[in-house]
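Next comes structure.txt, with compact mmCIF, C-alpha atoms and all ligand atoms.
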```txt
# COMPACT_ATOMS: atom_id res chain seq x y z
CA MET A 28 0.00 0.00 0.00
CA ALA A 29 2.73 2.43 1.03
CA ASP A 30 4.68 1.38 -2.08
CA GLU A 31 1.69 2.09 -4.24
CA LEU A 32 1.33 5.58 -2.81
CA GLN A 33 5.05 6.21 -3.22
CA LYS A 34 4.84 5.19 -6.86
CA LYS A 35 2.15 7.80 -7.44
CA LEU A 36 3.83 10.52 -5.38
CA THR A 37 7.38 10.29 -6.72
CA PRO A 38 6.68 11.54 -10.27
CA LEU A 39 4.30 14.23 -9.00
CA ARG A 40 6.89 15.50 -6.54
CA GLU A 41 9.54 15.45 -9.24
CA ARG A 42 7.22 17.53 -11.38
CA ILE A 43 6.69 20.04 -8.52
CA ASP A 44 10.48 20.28 -8.00
CA ALA A 45 10.96 21.02 -11.70
CA ILE A 46 8.19 23.65 -11.66
CA ASP A 47 9.70 25.28 -8.57
CA ALA A 48 13.08 25.50 -10.31
CA GLN A 49 11.36 27.21 -13.26
CA LEU A 50 9.49 29.55 -10.90
CA LEU A 51 12.74 30.46 -9.19
CA GLU A 52 14.33 31.31 -12.52
CA LEU A 53 11.37 33.49 -13.44
CA LEU A 54 11.26 35.15 -10.02
CA SER A 55 14.97 35.94 -10.27
CA GLU A 56 14.42 37.48 -13.67
CA ARG A 57 11.48 39.46 -12.30
CA ALA A 58 13.63 40.69 -9.40
CA ARG A 59 16.40 41.80 -11.79
CA THR A 60 13.84 43.66 -13.91
CA ALA A 61 12.38 45.35 -10.83
CA GLN A 62 15.95 46.35 -9.92
CA ALA A 63 16.29 47.95 -13.34
CA VAL A 64 13.07 49.89 -12.65
CA GLY A 65 14.59 50.91 -9.30
CA ALA A 66 17.76 52.14 -11.01
CA ALA A 67 15.70 54.15 -13.51
CA LYS A 68 13.73 55.72 -10.65
CA GLU A 69 16.95 56.61 -8.87
CA ASP A 70 18.10 58.47 -11.99
CA HIS A 71 14.88 60.49 -11.85
CA ALA A 72 14.60 60.82 -8.06
CA GLY A 73 11.46 58.65 -8.11
CA VAL A 74 9.89 56.88 -5.12
CA VAL A 75 10.59 53.12 -4.98
CA LEU A 76 7.24 51.98 -3.54
CA ARG A 77 4.28 52.74 -5.82
CA PRO A 78 1.04 51.53 -4.22
CA GLU A 79 -1.07 52.21 -7.32
CA ARG A 80 1.26 50.15 -9.54
CA GLU A 81 1.28 47.26 -7.05
CA ALA A 82 -2.53 47.32 -6.91
CA GLN A 83 -2.64 47.21 -10.73
CA VAL A 84 -0.19 44.27 -10.90
CA ILE A 85 -2.37 42.24 -8.52
CA ARG A 86 -5.67 43.21 -10.18
CA ARG A 87 -4.37 42.30 -13.65
CA LEU A 88 -3.33 38.84 -12.44
CA GLN A 89 -6.67 38.37 -10.70
CA GLU A 90 -8.36 39.10 -14.01
CA LEU A 91 -6.08 36.71 -15.90
CA ASN A 92 -6.54 34.02 -13.25
CA GLY A 93 -8.31 30.89 -14.43
CA GLY A 94 -7.98 29.10 -11.07
CA PRO A 95 -7.63 27.02 -9.03
CA LEU A 96 -5.94 29.60 -6.78
CA PRO A 97 -8.41 32.14 -5.31
CA ALA A 98 -7.97 35.88 -5.90
CA SER A 99 -6.98 36.38 -2.25
CA ALA A 100 -4.11 33.89 -2.64
CA LEU A 101 -2.81 35.77 -5.70
CA ALA A 102 -2.91 39.03 -3.72
CA ALA A 103 -0.94 37.47 -0.83
CA ILE A 104 1.63 35.77 -3.09
CA TRP A 105 2.27 38.75 -5.37
CA GLY A 106 2.22 41.11 -2.42
CA GLU A 107 5.22 39.21 -1.05
CA ILE A 108 6.92 38.92 -4.45
CA MET A 109 6.71 42.69 -4.93
CA SER A 110 7.82 43.28 -1.34
CA ALA A 111 10.90 41.10 -1.91
CA CYS A 112 11.64 42.79 -5.26
CA ARG A 113 11.47 46.33 -3.91
CA GLY A 114 13.33 45.18 -0.78
CA LEU A 115 16.37 44.75 -3.03
CA GLU A 116 16.26 48.50 -3.62
CA GLN A 117 14.97 49.78 -0.31
CA ARG A 118 13.35 48.20 2.73
CA PRO A 119 10.82 50.73 3.97
CA ARG A 120 10.79 51.49 7.67
CA VAL A 121 7.19 51.09 8.89
CA ALA A 122 6.07 52.35 12.31
CA TYR A 123 3.17 50.53 14.00
CA LEU A 124 1.45 50.20 17.36
CA GLY A 125 3.48 47.52 19.11
CA PRO A 126 4.76 45.60 20.83
CA GLN A 127 5.34 42.72 18.46
CA GLY A 128 2.34 40.48 18.03
CA THR A 129 -0.35 43.16 17.63
CA TYR A 130 -2.89 43.17 14.84
CA SER A 131 -1.16 46.36 13.72
CA GLU A 132 2.01 44.33 13.11
CA GLN A 133 -0.05 41.83 11.12
CA ALA A 134 -1.45 44.72 9.08
CA VAL A 135 2.12 45.94 8.38
CA LEU A 136 3.10 42.55 6.96
CA ALA A 137 -0.16 42.12 5.04
CA HIS A 138 0.15 45.60 3.54
CA PHE A 139 3.87 45.94 2.82
CA GLY A 140 5.03 42.29 2.83
CA HIS A 141 7.92 40.96 4.91
CA ALA A 142 10.74 42.99 3.30
CA VAL A 143 10.25 45.89 5.73
CA ASP A 144 11.94 47.18 8.87
CA ALA A 145 8.94 47.16 11.19
CA ASP A 146 9.32 49.67 14.00
CA SER A 147 7.21 49.02 17.09
CA CYS A 148 5.83 52.16 18.82
CA GLY A 149 4.20 52.50 22.25
CA THR A 150 1.24 54.63 21.16
CA ILE A 151 -0.68 55.72 18.06
CA ASP A 152 0.70 59.24 18.68
CA GLU A 153 4.22 57.88 18.38
CA VAL A 154 3.40 56.18 15.05
CA PHE A 155 2.23 59.51 13.64
CA ARG A 156 5.23 61.36 15.07
CA SER A 157 7.62 58.81 13.62
CA VAL A 158 6.16 59.31 10.13
CA GLU A 159 5.94 63.11 10.48
CA THR A 160 9.60 63.40 11.48
CA ARG A 161 10.54 60.96 8.65
CA ARG A 162 12.11 58.56 11.12
CA ALA A 163 9.78 56.03 9.46
CA ASP A 164 8.83 56.02 5.76
CA PHE A 165 5.31 54.76 6.53
CA GLY A 166 3.03 54.04 9.45
CA ILE A 167 0.13 51.68 10.05
CA VAL A 168 -2.63 52.99 12.33
CA PRO A 169 -5.91 51.30 13.37
CA LEU A 170 -8.90 53.22 12.03
CA GLU A 171 -12.06 51.28 12.78
CA ASN A 172 -13.28 47.96 14.02
CA SER A 173 -16.35 46.34 12.50
CA ASN A 174 -17.70 45.81 16.03
CA GLU A 175 -16.55 48.74 18.07
CA GLY A 176 -16.43 51.51 15.49
CA ALA A 177 -13.83 54.22 15.12
CA VAL A 178 -10.47 54.44 16.86
CA ASN A 179 -10.87 58.01 18.08
CA ARG A 180 -7.20 58.73 18.70
CA THR A 181 -6.40 57.95 15.06
CA LEU A 182 -9.23 60.22 13.85
CA ASP A 183 -8.01 63.09 16.04
CA LEU A 184 -4.40 62.74 14.89
CA LEU A 185 -5.38 62.56 11.20
CA LEU A 186 -6.92 66.02 11.58
CA THR A 187 -3.64 67.75 12.41
CA SER A 188 -1.00 65.44 10.93
CA SER A 189 1.11 66.29 7.89
CA ALA A 190 1.11 62.58 6.96
CA LYS A 191 -1.15 61.49 4.10
CA VAL A 192 -3.29 58.39 3.87
CA ILE A 193 -1.56 56.21 1.26
CA GLY A 194 -3.41 52.91 1.67
CA GLU A 195 -5.95 50.82 3.58
CA ARG A 196 -5.78 47.29 4.92
CA SER A 197 -8.46 45.22 6.62
CA VAL A 198 -7.34 42.39 8.91
CA PRO A 199 -9.63 39.68 10.38
CA VAL A 200 -9.58 39.76 14.18
CA VAL A 201 -9.64 36.42 16.00
CA GLN A 202 -9.37 37.10 19.71
CA CYS A 203 -7.96 34.44 22.03
CA LEU A 204 -7.83 34.10 25.79
CA MET A 205 -4.29 33.11 26.82
CA THR A 206 -2.26 32.45 29.94
CA ARG A 207 1.12 31.03 30.90
CA SER A 208 -0.31 27.65 31.90
CA GLY A 209 -3.05 27.28 29.29
CA THR A 210 -5.67 27.17 32.09
CA LEU A 211 -7.34 29.79 34.27
CA ASP A 212 -6.11 28.21 37.52
CA GLY A 213 -4.98 31.01 39.83
CA VAL A 214 -5.96 33.68 37.30
CA THR A 215 -7.82 36.66 38.78
CA ILE A 216 -7.71 39.29 36.07
CA VAL A 217 -7.96 39.50 32.28
CA ARG A 218 -6.15 42.29 30.48
CA SER A 219 -6.42 43.62 26.95
CA HIS A 220 -6.79 46.79 24.90
CA PRO A 221 -10.19 48.37 25.76
CA GLN A 222 -11.45 47.74 22.20
CA SER A 223 -10.61 44.05 22.49
CA LEU A 224 -12.22 43.73 25.91
CA ALA A 225 -15.33 45.34 24.43
CA GLN A 226 -15.27 42.92 21.48
CA CYS A 227 -15.32 39.95 23.90
CA GLN A 228 -17.60 41.32 26.62
CA GLY A 229 -20.50 38.96 25.87
CA TRP A 230 -18.26 35.89 25.92
CA LEU A 231 -16.48 37.00 29.13
CA SER A 232 -19.79 37.65 30.89
CA ASP A 233 -21.16 34.26 29.81
CA HIS A 234 -18.09 32.16 30.56
CA HIS A 235 -16.05 33.99 33.21
CA PRO A 236 -18.27 36.52 34.98
CA GLY A 237 -15.99 36.49 38.04
CA LEU A 238 -12.85 37.53 36.18
CA ALA A 239 -11.88 41.17 36.72
CA ARG A 240 -11.16 43.11 33.50
CA ALA A 241 -8.42 45.69 33.13
CA SER A 242 -7.13 47.65 30.16
CA ALA A 243 -3.67 47.50 28.64
CA ALA A 244 -1.97 49.77 26.09
CA SER A 245 -2.32 47.06 23.43
CA ASN A 246 -3.28 43.40 23.16
CA ALA A 247 0.34 42.38 22.83
CA GLU A 248 1.25 44.47 25.87
CA ALA A 249 -1.43 42.50 27.76
CA ALA A 250 0.19 39.28 26.53
CA ARG A 251 3.58 40.52 27.70
CA LEU A 252 2.10 41.23 31.16
CA ALA A 253 0.47 37.78 31.25
CA ALA A 254 3.83 36.21 30.42
CA GLU A 255 5.28 37.92 33.51
CA ASP A 256 2.44 37.14 35.91
CA PRO A 257 0.56 33.81 36.31
CA THR A 258 -2.46 35.59 37.84
CA VAL A 259 -3.02 37.53 34.60
CA ALA A 260 -4.79 36.30 31.46
CA ALA A 261 -4.63 38.27 28.22
CA ILE A 262 -6.96 38.66 25.26
CA ALA A 263 -4.95 38.98 22.07
CA GLY A 264 -4.37 37.37 18.69
CA GLU A 265 -2.72 33.99 18.28
CA GLN A 266 0.50 35.63 17.07
CA ALA A 267 0.84 37.37 20.46
CA ALA A 268 0.64 33.98 22.24
CA GLN A 269 3.47 32.73 20.05
CA ARG A 270 5.53 35.86 20.56
CA TRP A 271 5.19 35.84 24.38
CA GLY A 272 5.20 32.08 24.97
CA LEU A 273 1.60 31.86 26.20
CA LYS A 274 -0.88 29.02 25.79
CA ILE A 275 -4.36 29.52 24.41
CA VAL A 276 -7.24 28.82 26.78
CA ALA A 277 -10.00 29.63 24.25
CA ALA A 278 -9.83 30.85 20.64
CA GLY A 279 -12.30 32.92 18.60
CA ILE A 280 -13.95 34.48 21.66
CA GLN A 281 -14.94 37.77 19.97
CA ASP A 282 -18.71 38.28 20.06
CA ASP A 283 -18.86 38.82 16.30
CA PRO A 284 -17.28 36.00 14.27
CA HIS A 285 -16.76 38.39 11.32
CA ASN A 286 -14.84 40.90 13.40
CA ARG A 287 -12.31 42.90 11.30
CA THR A 288 -10.15 45.92 11.91
CA ARG A 289 -9.38 48.40 9.15
CA PHE A 290 -6.05 50.18 9.17
CA PHE A 291 -4.72 53.20 7.31
CA ALA A 292 -1.23 53.22 5.88
CA ILE A 293 0.18 56.73 6.25
CA GLY A 294 3.20 58.35 4.61
CA HIS A 295 4.30 61.18 2.37
CA ILE A 296 3.79 59.83 -1.14
CA ASP A 297 1.14 60.99 -3.60
CA ASN A 298 -0.55 58.03 -5.23
CA ALA A 299 -1.46 58.30 -8.91
CA PRO A 300 -4.89 56.88 -9.82
CA SER A 301 -4.88 53.05 -9.91
CA GLY A 302 -8.28 52.67 -11.60
CA ARG A 303 -10.11 51.68 -8.39
CA ASP A 304 -9.40 54.12 -5.57
CA LYS A 305 -10.87 55.70 -2.49
CA THR A 306 -10.36 59.19 -1.13
CA SER A 307 -10.58 60.08 2.56
CA LEU A 308 -11.62 63.57 3.68
CA ILE A 309 -12.32 65.54 6.83
CA LEU A 310 -15.05 68.17 6.60
CA ALA A 311 -16.63 70.68 8.97
CA VAL A 312 -19.74 72.76 8.46
CA PRO A 313 -21.35 75.56 10.46
CA ASN A 314 -23.66 74.36 13.22
CA GLU A 315 -26.96 75.22 11.51
CA ALA A 316 -30.04 73.54 10.07
CA GLY A 317 -29.45 71.58 6.86
CA ALA A 318 -25.67 72.02 6.98
CA VAL A 319 -24.84 68.30 6.80
CA TYR A 320 -27.30 67.82 3.97
CA ARG A 321 -25.69 70.69 2.03
CA MET A 322 -22.25 69.28 2.81
CA LEU A 323 -23.07 65.95 1.22
CA ALA A 324 -25.10 67.22 -1.75
CA PRO A 325 -22.05 67.87 -4.02
CA LEU A 326 -21.13 64.20 -3.74
CA ALA A 327 -24.56 63.04 -4.89
CA GLU A 328 -24.73 65.73 -7.59
CA ASN A 329 -21.50 64.44 -9.10
CA GLY A 330 -22.39 60.74 -8.77
CA VAL A 331 -19.68 60.12 -6.16
CA SER A 332 -20.49 57.31 -3.70
CA MET A 333 -19.76 57.74 -0.04
CA THR A 334 -18.54 54.53 1.64
CA ARG A 335 -18.13 55.83 5.18
CA LEU A 336 -19.24 58.74 7.36
CA GLU A 337 -17.98 59.24 10.90
CA SER A 338 -18.20 62.26 13.17
CA ARG A 339 -15.98 63.54 15.98
CA PRO A 340 -16.75 66.44 18.31
CA ALA A 341 -14.71 69.53 17.35
CA ARG A 342 -14.21 70.27 21.08
CA THR A 343 -15.35 73.85 20.78
CA GLY A 344 -18.06 73.17 23.35
CA GLN A 345 -20.70 74.21 20.81
CA TRP A 346 -21.88 70.88 19.45
CA GLU A 347 -19.71 71.26 16.36
CA TYR A 348 -18.32 68.23 14.61
CA TYR A 349 -15.69 67.09 12.18
CA PHE A 350 -16.97 64.62 9.60
CA TYR A 351 -14.68 61.87 8.35
CA VAL A 352 -15.84 60.86 4.91
CA ASP A 353 -14.56 58.15 2.55
CA ILE A 354 -15.64 58.39 -1.06
CA GLU A 355 -15.10 56.19 -4.10
CA GLY A 356 -12.59 57.46 -6.67
CA HIS A 357 -9.28 59.31 -6.82
CA TRP A 358 -9.09 63.08 -6.23
CA GLN A 359 -7.88 63.42 -9.83
CA ASP A 360 -10.92 61.59 -11.27
CA PRO A 361 -13.10 64.25 -12.97
CA ALA A 362 -16.26 63.47 -10.94
CA VAL A 363 -14.35 63.51 -7.64
CA ALA A 364 -12.45 66.67 -8.60
CA ALA A 365 -15.77 68.41 -9.44
CA ALA A 366 -17.34 67.24 -6.16
CA LEU A 367 -14.32 68.43 -4.16
CA ALA A 368 -14.37 71.84 -5.86
CA ALA A 369 -18.08 72.23 -5.01
CA LEU A 370 -17.46 71.05 -1.44
CA LYS A 371 -14.64 73.55 -0.94
CA ALA A 372 -17.03 76.36 -1.77
CA ARG A 373 -19.61 75.16 0.77
CA VAL A 374 -17.85 73.88 3.88
CA ALA A 375 -16.08 75.72 6.68
CA PHE A 376 -13.17 73.28 6.60
CA ILE A 377 -11.92 70.54 4.29
CA LYS A 378 -8.81 68.38 4.45
CA VAL A 379 -8.10 65.76 1.79
CA LEU A 380 -6.27 63.01 3.67
CA GLY A 381 -5.31 61.17 0.50
CA SER A 382 -6.36 58.93 -2.37
CA TYR A 383 -5.31 55.29 -2.35
CA PRO A 384 -6.04 51.99 -4.13
CA VAL A 385 -8.98 49.94 -2.85
CA THR A 386 -7.69 46.68 -1.40
CA SER A 387 -10.29 43.96 -1.03
C1 LIG A 401 9.28 47.64 -9.96
C2 LIG A 401 8.68 48.72 -9.51
O1 LIG A 401 8.85 49.22 -8.19
C3 LIG A 401 8.17 48.65 -7.07
C4 LIG A 401 8.02 47.21 -7.22
C5 LIG A 401 6.96 46.69 -7.96
C6 LIG A 401 6.96 45.28 -8.44
O2 LIG A 401 7.77 44.48 -7.97
O3 LIG A 401 6.15 44.95 -9.34
C7 LIG A 401 5.88 47.53 -8.28
C8 LIG A 401 5.81 48.82 -7.84
C9 LIG A 401 6.84 49.40 -6.96
O4 LIG A 401 6.38 49.39 -5.62
C10 LIG A 401 7.77 49.50 -10.40
O5 LIG A 401 7.42 50.65 -10.06
O6 LIG A 401 7.37 48.96 -11.44
```

If you took the structure in this file and wrote it as structure tokens, what would it be?
Amino acid sequence: MADELQKKLTPLRERIDAIDAQLLELLSERARTAQAVGAAKEDHAGVVLRPEREAQVIRRLQELNGGPLPASALAAIWGEIMSACRGLEQRPRVAYLGPQGTYSEQAVLAHFGHAVDADSCGTIDEVFRSVETRRADFGIVPLENSNEGAVNRTLDLLLTSSAKVIGERSVPVVQCLMTRSGTLDGVTIVRSHPQSLAQCQGWLSDHHPGLARASAASNAEAARLAAEDPTVAAIAGEQAAQRWGLKIVAAGIQDDPHNRTRFFAIGHIDNAPSGRDKTSLILAVPNEAGAVYRMLAPLAENGVSMTRLESRPARTGQWEYYFYVDIEGHWQDPAVAAALAALKARVAFIKVLGSYPVTS
């Protein structure tokens, strides 16, 4: 029986080895060609990383794809290929909310691939500062969670920052309860980022109503604390358990199984249109009847779809708000440009945070 299987496997494995050798040859040729592009850019002081071009490379292959690999697999594979290719020219330094093992770190790798120097920061403020002072080329900041809504600190910092939004990345969130021993024996407190505690509050109340809850600066920081103290459990992603040597007590404990967090990539580059883009704006209008309606009318009049609307108090004490709006299209697209021109004439304040390729 084993012989029979071996007889079938041997030629198939030989075929895979031969294909891999061919792939390697092609990948090496691709890398050399990308290096030539890099050299040409250097001659013209161009930026190495071009998000719109990378989005187009992936979309073209997804269109060509006849299966069996799914579109998401092509995006992951070519994302890494392009990361490795541009890494030969320049590894971008990317600041994120650390420590290692956070979903922000996962978003860094999903967005930029592994050929990066990922720079862990203690706070979202520090991520912004790092990008603003050009210590980092890019930053990854959490923007919204499908369960808990906006990350207010990020919204507030976007208002005043000189950094532009250069990309978006959505990461599935699978929360796990973890401890040093893999059990809750002797555990009195569970720690996590407040958003994560909120995402698991139903499960915690049902399964461990007696466990005290306390906040931590990040999920991975909670994991680090749990690694130091056997009376502490943490809620974090699986990668944090690996990073801090913890064992998982229960996995997938978030109240919504489809929980995702959306991140913004921030930096100083201006993306050209990729063909399928979004633009993020901040708007403010006078505090008077019909103002929000008038604010949004230019979008509808120009056939521009709004994909997100969020408000934050302007902190003037007068019930004034900033509106965070995402629209479909690039600021250079004629319909978007017309809508923005009309908006500028109507609103008290407008800031275009950036246009960037849609990543699905
Ligand atoms: C090679 C280039 O530079 C980088 C690498 C890319 C790639 O490997 O395909 C694509 C865009 C850039 O981020 C290019 O601009 O074409």

**Request:** Compute the set of protein, DNA and RNA residues whose minimum atom distance to ligand LIG 401 (chain A) is at most 10 Å, using all atoms listed in the file, and state it as an NGL selection string.
**Result:** :A and (57-68 or 73-85 or 105-117 or 139)

**Prompt:** Hey, what's within 7 Å of region 210-224 of chain A if we count all atoms listed in the file and toss same-chain stuff fewer than 2 positions away? As a VMD selection string, please?
**Reply:** chain A and resid 175 206 208 226 to 228 238 to 246 249 257 to 263 276

How would the residues just picked look written out with C-alpha atoms as a compact mmCIF listing (two decimals), in the frame of the given file?
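The resulting file, again_20.txt, is shown below:
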```
# COMPACT_ATOMS: atom_id res chain seq x y z
CA GLU A 175 -16.55 48.74 18.07
CA THR A 206 -2.26 32.45 29.94
CA SER A 208 -0.31 27.65 31.90
CA GLN A 226 -15.27 42.92 21.48
CA CYS A 227 -15.32 39.95 23.90
CA GLN A 228 -17.60 41.32 26.62
CA LEU A 238 -12.85 37.53 36.18
CA ALA A 239 -11.88 41.17 36.72
CA ARG A 240 -11.16 43.11 33.50
CA ALA A 241 -8.42 45.69 33.13
CA SER A 242 -7.13 47.65 30.16
CA ALA A 243 -3.67 47.50 28.64
CA ALA A 244 -1.97 49.77 26.09
CA SER A 245 -2.32 47.06 23.43
CA ASN A 246 -3.28 43.40 23.16
CA ALA A 249 -1.43 42.50 27.76
CA PRO A 257 0.56 33.81 36.31
CA THR A 258 -2.46 35.59 37.84
CA VAL A 259 -3.02 37.53 34.60
CA ALA A 260 -4.79 36.30 31.46
CA ALA A 261 -4.63 38.27 28.22
CA ILE A 262 -6.96 38.66 25.26
CA ALA A 263 -4.95 38.98 22.07
CA VAL A 276 -7.24 28.82 26.78
```

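Here CA of Ser99 (chain A) is placed at a distance of 19.8 Å from CA of Leu50 (chain A).
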
**Request:** Might you pull out every residue within 7 Å of region 369-379 of chain A, with only C-alpha atoms counted and same-chain residues fewer than 5 positions away left off, and present them as a PyMOL selection string?
**Result:** chain A and resi 307-313+322+325

**Asked** When distances are computed from all atoms listed in the file, which of A:Gln127, A:Thr306, A:Ser338, A:Asn329 shows the smallest separation from Gln359 (chain A)?
**Response** A:Thr306

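When only C-alpha atoms are used to compute distances to Glu337 (chain A), the closest of the residues A:Asn179, A:Gln281, A:Thr386, A:Ser301 turns out to be A:Asn179.
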
**Request:** May I have the residues at most 6 Å from (-18.6, 63.4, -1.2) in the file's coordinates, counting only C-alpha atoms, as JSON, numbers by chain?
**Result:** {"A": [323, 326, 333, 354]}

Taking 2 positions as the minimum chain separation for residues in the same chain, which residues sit within 6 Å of Asp164 (chain A) when counting only C-alpha atoms? Answer as a PDB file with C-alpha atoms, in the frame of the given file.
```
ATOM      1  CA  PRO A 119      10.820  50.730   3.970  1.00  0.00           C
ATOM      2  CA  ARG A 120      10.790  51.490   7.670  1.00  0.00           C
ATOM      3  CA  ARG A 161      10.540  60.960   8.650  1.00  0.00           C
TER       4      ARG A 161
END
```

**Request:** Find the distance between CA of Gly166 (chain A) and CA of Ala368 (chain A) and write it in Å to one decimal.
**Result:**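 Value for the CA of Gly166 (chain A)-CA of Ala368 (chain A) distance: 29.2 Å.
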
**Item:** Test item: residues at most 9 Å from His285 (chain A), only C-alpha atoms, excluding those fewer than 2 positions along its chain, as a VMD selection string
**Value:** chain A and resid 173 to 174 199 to 201 281 to 283 287

So that all listed atoms of region 131-149 of chain A fit with 8 Å spare on each side, what axis-aligned box centre and edge lengths in Å, to one decimal, would you give as JSON?
```
{"center_x": 5.2, "center_y": 46.7, "center_z": 12.5, "size_x": 29.4, "size_y": 27.5, "size_z": 35.4}
```

**Asked** Expressed in Å to a single decimal, how great is the separation between CA of Ala163 (chain A) and CA of Gly125 (chain A)?
**Response**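 CA of Gly125 (chain A) lies 14.3 Å from CA of Ala163 (chain A).
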
**Request:** In the coordinate frame of the file, compute which residues have an atom within 10 Å of (5.3, 55.7, 9.3) when using only C-alpha atoms, and state them as number ranges by chain.
**Result:** A: 119-123, 145-146, 153-168, 190, 292-295

**Prompt:** Using only C-alpha atoms, which of A:Val178, A:Ala250, A:Ala102, A:Leu54 sits nearest Gly128 (chain A)?
**Reply:**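 Among the listed residues, A:Ala250 lies closest to Gly128 (chain A).
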
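Candidate residues A:Glu248, A:Arg87, A:Pro340, A:Ser147 were compared for distance to Asp183 (chain A), and the nearest is A:Pro340, using all atoms listed in the file.
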